[in-house]
>>> print(open('protein-v1.pdb').read())   # PDB, C-alpha atoms and all ligand atoms
MODEL        1
ATOM      1  CA  MET D   1      94.835  91.557 -25.043
ATOM      2  CA  SER D   2      96.888  94.671 -25.564
ATOM      3  CA  SER D   3      94.961  97.194 -23.510
ATOM      4  CA  ARG D   4      93.204  96.546 -20.249
ATOM      5  CA  THR D   5      90.064  94.490 -20.468
ATOM      6  CA  ARG D   6      87.025  96.650 -19.761
ATOM      7  CA  VAL D   7      84.204  95.355 -17.623
ATOM      8  CA  LEU D   8      80.817  96.928 -16.972
ATOM      9  CA  LEU D   9      79.384  95.857 -13.617
ATOM     10  CA  VAL D  10      75.729  96.669 -12.948
ATOM     11  CA  GLU D  11      74.924  95.802  -9.341
ATOM     12  CA  ASP D  12      72.680  97.657  -6.896
ATOM     13  CA  ASP D  13      74.019  96.078  -3.710
ATOM     14  CA  PRO D  14      76.725  98.619  -2.780
ATOM     15  CA  GLN D  15      78.770  96.199  -0.697
ATOM     16  CA  LEU D  16      78.805  93.524  -3.359
ATOM     17  CA  ALA D  17      79.534  96.113  -6.051
ATOM     18  CA  ARG D  18      82.521  97.435  -4.076
ATOM     19  CA  MET D  19      83.843  93.962  -3.358
ATOM     20  CA  LEU D  20      83.576  92.906  -7.003
ATOM     21  CA  THR D  21      85.095  96.142  -8.259
ATOM     22  CA  ASP D  22      88.123  95.716  -5.979
ATOM     23  CA  LEU D  23      88.478  92.108  -6.987
ATOM     24  CA  LEU D  24      88.283  92.842 -10.721
ATOM     25  CA  HIS D  25      90.762  95.714 -10.352
ATOM     26  CA  ASP D  26      93.149  93.334  -8.608
ATOM     27  CA  GLU D  27      92.796  90.970 -11.550
ATOM     28  CA  GLY D  28      93.840  93.771 -13.907
ATOM     29  CA  TYR D  29      90.446  94.702 -15.333
ATOM     30  CA  ALA D  30      89.281  98.279 -15.865
ATOM     31  CA  VAL D  31      85.846  98.436 -14.234
ATOM     32  CA  ASP D  32      82.900 100.809 -14.622
ATOM     33  CA  THR D  33      80.045 100.300 -12.207
ATOM     34  CA  ALA D  34      76.411 101.264 -12.386
ATOM     35  CA  PRO D  35      74.027 101.012  -9.397
ATOM     36  CA  ASP D  36      70.852 100.679 -11.452
ATOM     37  CA  GLY D  37      69.623  99.557 -14.846
ATOM     38  CA  GLN D  38      69.171 103.051 -16.239
ATOM     39  CA  ARG D  39      72.793 103.997 -15.665
ATOM     40  CA  GLY D  40      73.853 100.552 -16.861
ATOM     41  CA  LEU D  41      71.921 101.011 -20.089
ATOM     42  CA  HIS D  42      73.513 104.409 -20.682
ATOM     43  CA  LEU D  43      77.040 103.080 -20.140
ATOM     44  CA  GLY D  44      76.365  99.919 -22.131
ATOM     45  CA  LEU D  45      75.152 101.894 -25.133
ATOM     46  CA  THR D  46      77.853 104.537 -25.102
ATOM     47  CA  THR D  47      81.023 102.760 -23.982
ATOM     48  CA  ALA D  48      82.877  99.816 -25.479
ATOM     49  CA  TYR D  49      83.237  96.928 -23.004
ATOM     50  CA  ASP D  50      84.812  93.522 -23.395
ATOM     51  CA  VAL D  51      82.387  91.871 -21.010
ATOM     52  CA  MET D  52      79.444  92.856 -18.803
ATOM     53  CA  VAL D  53      78.290  91.492 -15.451
ATOM     54  CA  LEU D  54      74.622  92.283 -14.817
ATOM     55  CA  ASP D  55      72.706  91.673 -11.638
ATOM     56  CA  ARG D  56      69.223  90.425 -12.466
ATOM     57  CA  GLY D  57      67.316  92.270  -9.746
ATOM     58  CA  LEU D  58      68.002  95.958 -10.397
ATOM     59  CA  PRO D  59      66.186  99.228  -9.740
ATOM     60  CA  ALA D  60      64.969 101.443 -12.607
ATOM     61  CA  ILE D  61      65.432  98.812 -15.305
ATOM     62  CA  GLU D  62      65.455  95.162 -14.273
ATOM     63  CA  GLY D  63      68.554  93.183 -15.331
ATOM     64  CA  LEU D  64      67.037  91.012 -18.058
ATOM     65  CA  ASP D  65      65.110  93.976 -19.431
ATOM     66  CA  LEU D  66      68.395  95.877 -19.562
ATOM     67  CA  LEU D  67      70.020  92.945 -21.341
ATOM     68  CA  GLY D  68      67.174  92.787 -23.878
ATOM     69  CA  ARG D  69      67.471  96.487 -24.596
ATOM     70  CA  LEU D  70      71.221  96.191 -25.133
ATOM     71  CA  ARG D  71      70.749  93.246 -27.489
ATOM     72  CA  ARG D  72      68.004  94.996 -29.435
ATOM     73  CA  SER D  73      70.380  97.919 -29.854
ATOM     74  CA  GLY D  74      72.875  95.549 -31.436
ATOM     75  CA  ILE D  75      75.300  95.345 -28.489
ATOM     76  CA  THR D  76      76.835  91.878 -28.702
ATOM     77  CA  THR D  77      79.270  92.182 -25.773
ATOM     78  CA  PRO D  78      79.267  88.934 -23.779
ATOM     79  CA  VAL D  79      77.109  89.175 -20.658
ATOM     80  CA  LEU D  80      77.196  87.186 -17.445
ATOM     81  CA  VAL D  81      74.030  87.504 -15.354
ATOM     82  CA  LEU D  82      74.232  87.232 -11.578
ATOM     83  CA  SER D  83      71.068  86.321  -9.720
ATOM     84  CA  ALA D  84      69.641  84.879  -6.567
ATOM     85  CA  LEU D  85      67.058  83.340  -8.906
ATOM     86  CA  ALA D  86      69.125  80.366  -9.922
ATOM     87  CA  ASN D  87      66.980  77.325 -10.456
ATOM     88  CA  PRO D  88      67.117  75.777 -13.947
ATOM     89  CA  ALA D  89      63.980  77.597 -15.145
ATOM     90  CA  ASP D  90      65.438  80.946 -14.045
ATOM     91  CA  ARG D  91      68.664  80.201 -15.869
ATOM     92  CA  VAL D  92      66.797  79.315 -19.041
ATOM     93  CA  VAL D  93      64.968  82.649 -18.934
ATOM     94  CA  GLY D  94      68.268  84.473 -18.461
ATOM     95  CA  LEU D  95      70.064  82.665 -21.268
ATOM     96  CA  ASP D  96      67.104  83.095 -23.602
ATOM     97  CA  ALA D  97      67.166  86.822 -22.851
ATOM     98  CA  GLY D  98      70.613  86.924 -24.460
ATOM     99  CA  ALA D  99      73.059  86.203 -21.624
ATOM    100  CA  GLU D 100      76.124  84.100 -22.482
ATOM    101  CA  ASP D 101      76.390  82.869 -18.916
ATOM    102  CA  TYR D 102      74.362  82.825 -15.714
ATOM    103  CA  LEU D 103      75.679  82.487 -12.189
ATOM    104  CA  GLY D 104      73.531  82.019  -9.078
ATOM    105  CA  LYS D 105      74.055  84.064  -5.917
ATOM    106  CA  PRO D 106      75.801  83.402  -3.644
ATOM    107  CA  PHE D 107      78.658  82.493  -5.940
ATOM    108  CA  ASP D 108      82.244  81.488  -5.594
ATOM    109  CA  ILE D 109      84.648  84.313  -6.524
ATOM    110  CA  GLU D 110      87.075  82.009  -8.313
ATOM    111  CA  GLU D 111      84.236  80.576 -10.367
ATOM    112  CA  LEU D 112      83.086  84.051 -11.376
ATOM    113  CA  LEU D 113      86.622  84.972 -12.474
ATOM    114  CA  ALA D 114      87.032  81.724 -14.415
ATOM    115  CA  ARG D 115      83.721  82.261 -16.195
ATOM    116  CA  LEU D 116      84.710  85.800 -17.163
ATOM    117  CA  ARG D 117      88.012  84.504 -18.540
ATOM    118  CA  ALA D 118      86.134  81.878 -20.561
ATOM    119  CA  LEU D 119      83.794  84.511 -22.031
ATOM    120  CA  LEU D 120      86.746  86.723 -22.944
ATOM    121  CA  ARG D 121      88.621  83.828 -24.574
ATOM    122  CA  ARG D 122      85.682  83.148 -26.837
ATOM    123  CA  THR D 123      85.630  86.801 -27.884
ATOM    124  CA  VAL D 124      89.353  86.813 -28.656
ATOM    125  CA  GLU D 125      89.114  83.639 -30.730
ATOM    126  CA  ALA D 126      86.338  85.174 -32.782
ATOM    127  CA  ALA D 127      88.176  88.482 -33.145
ATOM    128  CA  ASP D 128      90.060  87.791 -36.389
ATOM    129  CA  VAL D 129      86.872  87.613 -38.377
ATOM    130  CA  LEU D 130      84.073  90.146 -38.157
ATOM    131  CA  ALA D 131      80.588  89.442 -39.459
ATOM    132  CA  VAL D 132      79.299  92.171 -41.764
ATOM    133  CA  PRO D 133      76.028  92.255 -43.721
ATOM    134  CA  GLY D 134      76.266  89.526 -46.352
ATOM    135  CA  GLY D 135      79.737  88.304 -45.501
ATOM    136  CA  LYS D 136      82.765  88.215 -43.244
ATOM    137  CA  PHE D 137      85.628  90.673 -42.867
ATOM    138  CA  ASP D 138      89.011  89.059 -42.318
ATOM    139  CA  ARG D 139      91.168  91.458 -40.326
ATOM    140  CA  ASP D 140      94.414  89.750 -41.370
ATOM    141  CA  THR D 141      93.894  89.953 -45.119
ATOM    142  CA  ARG D 142      91.818  93.171 -44.940
ATOM    143  CA  SER D 143      89.248  91.654 -47.248
ATOM    144  CA  VAL D 144      85.572  90.830 -47.120
ATOM    145  CA  ARG D 145      84.380  87.476 -48.354
ATOM    146  CA  PHE D 146      80.700  87.562 -49.224
ATOM    147  CA  ASP D 147      78.388  84.593 -48.722
ATOM    148  CA  ASP D 148      78.047  84.378 -52.524
ATOM    149  CA  GLY D 149      81.829  83.849 -52.836
ATOM    150  CA  ARG D 150      82.852  87.335 -53.955
ATOM    151  CA  GLU D 151      85.912  88.743 -52.260
ATOM    152  CA  VAL D 152      86.543  92.471 -51.943
ATOM    153  CA  GLY D 153      89.845  93.962 -50.760
ATOM    154  CA  LEU D 154      89.935  97.115 -48.664
ATOM    155  CA  THR D 155      92.539  99.840 -48.388
ATOM    156  CA  ASP D 156      94.284 100.312 -45.028
ATOM    157  CA  ARG D 157      92.030 103.204 -44.059
ATOM    158  CA  GLU D 158      88.837 101.463 -45.146
ATOM    159  CA  ALA D 159      89.876  98.370 -43.212
ATOM    160  CA  ALA D 160      90.745 100.462 -40.149
ATOM    161  CA  LEU D 161      87.319 102.110 -40.220
ATOM    162  CA  LEU D 162      85.513  98.786 -40.521
ATOM    163  CA  ASP D 163      87.711  97.335 -37.785
ATOM    164  CA  VAL D 164      86.893 100.156 -35.354
ATOM    165  CA  LEU D 165      83.149  99.967 -36.061
ATOM    166  CA  GLY D 166      83.344  96.214 -35.476
ATOM    167  CA  ARG D 167      85.144  96.438 -32.145
ATOM    168  CA  ASN D 168      81.807  97.075 -30.523
ATOM    169  CA  VAL D 169      79.028  95.999 -32.807
ATOM    170  CA  GLY D 170      76.013  98.172 -32.156
ATOM    171  CA  ARG D 171      77.901 100.975 -30.509
ATOM    172  CA  ILE D 172      77.237 104.313 -32.133
ATOM    173  CA  PHE D 173      80.463 106.104 -32.970
ATOM    174  CA  THR D 174      80.401 109.869 -33.480
ATOM    175  CA  ARG D 175      82.366 111.392 -36.341
ATOM    176  CA  ALA D 176      84.770 112.769 -33.726
ATOM    177  CA  ASP D 177      85.273 109.249 -32.274
ATOM    178  CA  LEU D 178      86.030 107.864 -35.716
ATOM    179  CA  LEU D 179      88.287 110.729 -36.657
ATOM    180  CA  ASP D 180      90.317 110.009 -33.506
ATOM    181  CA  LEU D 181      90.336 106.242 -33.800
ATOM    182  CA  VAL D 182      90.840 105.844 -37.544
ATOM    183  CA  PHE D 183      92.559 109.030 -38.685
ATOM    184  CA  ASP D 184      94.492 109.951 -35.524
ATOM    185  CA  GLY D 185      92.382 113.079 -35.153
ATOM    186  CA  ALA D 186      93.771 114.578 -38.349
ATOM    187  CA  GLY D 187      91.277 116.065 -40.770
ATOM    188  CA  GLU D 188      87.620 116.975 -40.481
ATOM    189  CA  GLY D 189      84.443 115.026 -39.863
ATOM    190  CA  ASN D 190      83.641 114.824 -43.562
ATOM    191  CA  LEU D 191      86.746 112.669 -43.996
ATOM    192  CA  VAL D 192      84.830 110.054 -42.012
ATOM    193  CA  ASP D 193      81.791 110.524 -44.264
ATOM    194  CA  THR D 194      84.003 110.045 -47.308
ATOM    195  CA  TYR D 195      85.363 106.733 -46.043
ATOM    196  CA  VAL D 196      81.903 105.556 -45.023
ATOM    197  CA  HIS D 197      80.920 106.267 -48.621
ATOM    198  CA  TYR D 198      83.881 104.202 -49.899
ATOM    199  CA  LEU D 199      82.949 101.279 -47.663
ATOM    200  CA  ARG D 200      79.320 101.385 -48.787
ATOM    201  CA  ARG D 201      80.328 101.522 -52.431
ATOM    202  CA  LYS D 202      82.512  98.440 -52.042
ATOM    203  CA  LEU D 203      80.483  96.443 -49.537
ATOM    204  CA  GLY D 204      76.890  97.601 -49.945
ATOM    205  CA  ARG D 205      74.831 100.323 -48.310
ATOM    206  CA  ASP D 206      73.930  98.238 -45.268
ATOM    207  CA  VAL D 207      77.504  97.780 -44.078
ATOM    208  CA  VAL D 208      77.451 101.061 -42.159
ATOM    209  CA  VAL D 209      74.276 102.492 -40.654
ATOM    210  CA  THR D 210      73.812 106.245 -40.246
ATOM    211  CA  VAL D 211      72.272 107.098 -36.876
ATOM    212  CA  HIS D 212      70.887 110.541 -37.522
ATOM    213  CA  GLY D 213      72.229 113.247 -35.284
ATOM    214  CA  LEU D 214      74.640 110.828 -33.559
ATOM    215  CA  GLY D 215      77.006 109.114 -35.973
ATOM    216  CA  TYR D 216      77.584 105.666 -37.415
ATOM    217  CA  ARG D 217      77.439 102.065 -36.381
ATOM    218  CA  LEU D 218      78.220  98.790 -38.101
ATOM    219  CA  GLY D 219      75.284  97.234 -39.962
ATOM    220  CA  ARG D 220      73.842  94.031 -38.569
ATOM    221  CA  SER D 221      74.889  90.897 -40.320
TER     222      SER D 221
HETATM  223 CA    CA D 301      70.068  93.286  -6.896
ENDMDL
END
>>> encode(input="protein-v1.pdb", output="structure tokens")
Amino acid sequence: MSSRTRVLLVEDDPQLARMLTDLLHDEGYAVDTAPDGQRGLHLGLTTAYDVMVLDRGLPAIEGLDLLGRLRRSGITTPVLVLSALANPADRVVGLDAGAEDYLGKPFDIEELLARLRALLRRTVEAADVLAVPGGKFDRDTRSVRFDDGREVGLTDREAALLDVLGRNVGRIFTRADLLDLVFDGAGEGNLVDTYVHYLRRKLGRDVVVTVHGLGYRLGRS
């Protein structure tokens, strides 16, 4: 990965949170921490992470509730749930709630790190192809192959816009975000609107969703 891998850690035990933050920093991760589910939800919805570590027992919003809310908002970032509730039935509930992995407390540090690496590897392997409504976007060829066999090529700018929206599926990007990330900050917000229009014309209306008053996100496939 080119830039530092970003981790969101939601853990209400301050000692454990500090220990894990230090450890993840030492491993080269950029870490944001939240001490409760409300703050975790806010960060999870507004910031792009590569992986999230959620404690299950959290104040304000309980960990699996938080996970469910993130998933319902379209956030597909891989999640590892930490919990003292670690019998098989507990794990099933956690995985069914949308977690990619579940680790019982107390846990072995090396095992936690290895599991995070495994989750991140899976994301990287899947990164060349992005699912879009009705098809798949191939980042290498800058084209979308639809399930019905049609293939549609994109211009560099159209592909860059789709690529940015797909870096964190479900994240809402403001026009200012997109202007920065796709157009290097040059131009005005309606440039973004214009390219959203181009993408919709080529790929269908559902490819980009307008979130009124906030911005745009990728459509769900
Ligand atoms: Ca806890």
>>> closest_residue(input="protein-v1.pdb", among="D:Met19, D:Leu85, D:Leu80, D:Val31", to="Gly98 of chain D", atoms="only C-alpha atoms")
D:Leu80
>>> residues_around(input="protein-v1.pdb", residues="Gly74 of chain D", least_positions_apart="3", cutoff="8 Å", atoms="all atoms listed in the file", output="VMD selection string")
chain D and resid 70 to 71 169 to 171 220
>>> residues_near_ligand(input="protein-v1.pdb", ligand="ligand CA 301 (chain D)", cutoff="10 Å", atoms="all atoms listed in the file", output="PyMOL selection string")
chain D and resi 10-14+16-17+35-36+54-59+62-63+82-84
>>> resolve_selection(input="protein-v1.pdb", expression="the PyMOL selection byres (((chain D and resi 28) around 12) and not hetatm)", output="list of chain:residue names")
D:Met1, D:Ser3, D:Arg4, D:Thr5, D:Arg6, D:Val7, D:Thr21, D:Asp22, D:Leu23, D:Leu24, D:His25, D:Asp26, D:Glu27, D:Tyr29, D:Ala30, D:Val31, D:Leu113, D:Arg117
>>> closest_residue(input="protein-v1.pdb", among="D:Leu218, D:Ala118, D:Val144, D:Ile109", to="Leu161 of chain D", atoms="only C-alpha atoms")
D:Leu218
>>> atom_distance(input="protein-v1.pdb", atom1="atom CA of His197 of chain D", atom2="atom CA of Asp50 of chain D")
28.5 Å
>>> atom_distance(input="protein-v1.pdb", atom1="atom CA of Val92 of chain D", atom2="atom CA of Ile75 of chain D")
20.5 Å
>>> closest_residue(input="protein-v1.pdb", among="D:Leu20, D:Leu64, D:Leu43, D:Val164", to="Phe107 of chain D", atoms="all atoms listed in the file")
D:Leu20
>>> atom_distance(input="protein-v1.pdb", atom1="atom CA of Gly213 of chain D", atom2="atom CA of Val132 of chain D")
23.2 Å
>>> resolve_selection(input="protein-v1.pdb", expression="the PyMOL selection byres (((chain D and resi 139) around 10) and not hetatm)", output="ChimeraX atom specification")
/D:127-130,136-138,140-144,159-160,162-163
>>> decode(input="protein-v1.pdb", residues="segment 192-218 of chain D", atoms="N, CA and C atoms", output="PDB file, in the first residue's frame")
ATOM      1  N   VAL D 192     -17.546  18.897 -10.659  1.00  0.00           N
ATOM      2  CA  VAL D 192     -17.863  17.576 -10.108  1.00  0.00           C
ATOM      3  C   VAL D 192     -19.240  17.132 -10.600  1.00  0.00           C
ATOM      4  N   ASP D 193     -20.219  18.033 -10.533  1.00  0.00           N
ATOM      5  CA  ASP D 193     -21.570  17.703 -10.986  1.00  0.00           C
ATOM      6  C   ASP D 193     -21.559  17.275 -12.458  1.00  0.00           C
ATOM      7  N   THR D 194     -20.760  17.989 -13.245  1.00  0.00           N
ATOM      8  CA  THR D 194     -20.673  17.671 -14.671  1.00  0.00           C
ATOM      9  C   THR D 194     -20.160  16.253 -14.883  1.00  0.00           C
ATOM     10  N   TYR D 195     -19.116  15.880 -14.152  1.00  0.00           N
ATOM     11  CA  TYR D 195     -18.557  14.536 -14.330  1.00  0.00           C
ATOM     12  C   TYR D 195     -19.461  13.454 -13.744  1.00  0.00           C
ATOM     13  N   VAL D 196     -20.183  13.784 -12.692  1.00  0.00           N
ATOM     14  CA  VAL D 196     -21.190  12.837 -12.190  1.00  0.00           C
ATOM     15  C   VAL D 196     -22.229  12.588 -13.287  1.00  0.00           C
ATOM     16  N   HIS D 197     -22.610  13.655 -13.957  1.00  0.00           N
ATOM     17  CA  HIS D 197     -23.567  13.550 -15.064  1.00  0.00           C
ATOM     18  C   HIS D 197     -23.013  12.649 -16.178  1.00  0.00           C
ATOM     19  N   TYR D 198     -21.738  12.830 -16.522  1.00  0.00           N
ATOM     20  CA  TYR D 198     -21.118  11.983 -17.556  1.00  0.00           C
ATOM     21  C   TYR D 198     -21.155  10.506 -17.142  1.00  0.00           C
ATOM     22  N   LEU D 199     -20.784  10.264 -15.886  1.00  0.00           N
ATOM     23  CA  LEU D 199     -20.766   8.866 -15.417  1.00  0.00           C
ATOM     24  C   LEU D 199     -22.164   8.256 -15.485  1.00  0.00           C
ATOM     25  N   ARG D 200     -23.158   9.017 -15.054  1.00  0.00           N
ATOM     26  CA  ARG D 200     -24.532   8.502 -15.067  1.00  0.00           C
ATOM     27  C   ARG D 200     -25.007   8.231 -16.489  1.00  0.00           C
ATOM     28  N   ARG D 201     -24.608   9.109 -17.411  1.00  0.00           N
ATOM     29  CA  ARG D 201     -25.040   8.932 -18.791  1.00  0.00           C
ATOM     30  C   ARG D 201     -24.448   7.645 -19.363  1.00  0.00           C
ATOM     31  N   LYS D 202     -23.182   7.373 -19.003  1.00  0.00           N
ATOM     32  CA  LYS D 202     -22.536   6.179 -19.548  1.00  0.00           C
ATOM     33  C   LYS D 202     -22.928   4.899 -18.806  1.00  0.00           C
ATOM     34  N   LEU D 203     -23.089   5.026 -17.484  1.00  0.00           N
ATOM     35  CA  LEU D 203     -23.190   3.812 -16.659  1.00  0.00           C
ATOM     36  C   LEU D 203     -24.557   3.616 -16.007  1.00  0.00           C
ATOM     37  N   GLY D 204     -25.439   4.574 -16.183  1.00  0.00           N
ATOM     38  CA  GLY D 204     -26.768   4.462 -15.565  1.00  0.00           C
ATOM     39  C   GLY D 204     -26.879   5.387 -14.362  1.00  0.00           C
ATOM     40  N   ARG D 205     -28.105   5.811 -14.096  1.00  0.00           N
ATOM     41  CA  ARG D 205     -28.330   6.793 -13.026  1.00  0.00           C
ATOM     42  C   ARG D 205     -27.860   6.312 -11.660  1.00  0.00           C
ATOM     43  N   ASP D 206     -27.978   5.002 -11.426  1.00  0.00           N
ATOM     44  CA  ASP D 206     -27.733   4.477 -10.078  1.00  0.00           C
ATOM     45  C   ASP D 206     -26.262   4.430  -9.704  1.00  0.00           C
ATOM     46  N   VAL D 207     -25.373   4.676 -10.668  1.00  0.00           N
ATOM     47  CA  VAL D 207     -23.950   4.483 -10.380  1.00  0.00           C
ATOM     48  C   VAL D 207     -23.449   5.454  -9.308  1.00  0.00           C
ATOM     49  N   VAL D 208     -23.992   6.660  -9.321  1.00  0.00           N
ATOM     50  CA  VAL D 208     -23.632   7.639  -8.287  1.00  0.00           C
ATOM     51  C   VAL D 208     -24.916   8.132  -7.636  1.00  0.00           C
ATOM     52  N   VAL D 209     -24.933   8.126  -6.308  1.00  0.00           N
ATOM     53  CA  VAL D 209     -26.116   8.541  -5.564  1.00  0.00           C
ATOM     54  C   VAL D 209     -25.889   9.952  -5.033  1.00  0.00           C
ATOM     55  N   THR D 210     -26.870  10.822  -5.242  1.00  0.00           N
ATOM     56  CA  THR D 210     -26.815  12.169  -4.663  1.00  0.00           C
ATOM     57  C   THR D 210     -27.337  12.102  -3.235  1.00  0.00           C
ATOM     58  N   VAL D 211     -26.548  12.571  -2.282  1.00  0.00           N
ATOM     59  CA  VAL D 211     -27.014  12.653  -0.896  1.00  0.00           C
ATOM     60  C   VAL D 211     -27.287  14.127  -0.644  1.00  0.00           C
ATOM     61  N   HIS D 212     -28.566  14.467  -0.608  1.00  0.00           N
ATOM     62  CA  HIS D 212     -28.927  15.888  -0.645  1.00  0.00           C
ATOM     63  C   HIS D 212     -28.336  16.669   0.506  1.00  0.00           C
ATOM     64  N   GLY D 213     -27.746  17.781   0.163  1.00  0.00           N
ATOM     65  CA  GLY D 213     -27.144  18.661   1.160  1.00  0.00           C
ATOM     66  C   GLY D 213     -25.753  18.229   1.582  1.00  0.00           C
ATOM     67  N   LEU D 214     -25.306  17.030   1.159  1.00  0.00           N
ATOM     68  CA  LEU D 214     -23.991  16.541   1.608  1.00  0.00           C
ATOM     69  C   LEU D 214     -23.035  16.302   0.439  1.00  0.00           C
ATOM     70  N   GLY D 215     -23.471  15.558  -0.557  1.00  0.00           N
ATOM     71  CA  GLY D 215     -22.567  15.282  -1.670  1.00  0.00           C
ATOM     72  C   GLY D 215     -22.971  14.037  -2.413  1.00  0.00           C
ATOM     73  N   TYR D 216     -21.972  13.206  -2.719  1.00  0.00           N
ATOM     74  CA  TYR D 216     -22.201  12.014  -3.539  1.00  0.00           C
ATOM     75  C   TYR D 216     -21.569  10.786  -2.899  1.00  0.00           C
ATOM     76  N   ARG D 217     -22.162   9.651  -3.210  1.00  0.00           N
ATOM     77  CA  ARG D 217     -21.517   8.390  -2.868  1.00  0.00           C
ATOM     78  C   ARG D 217     -21.738   7.423  -4.027  1.00  0.00           C
ATOM     79  N   LEU D 218     -20.934   6.353  -4.042  1.00  0.00           N
ATOM     80  CA  LEU D 218     -21.094   5.334  -5.053  1.00  0.00           C
ATOM     81  C   LEU D 218     -22.417   4.600  -4.838  1.00  0.00           C
TER      82      LEU D 218
END
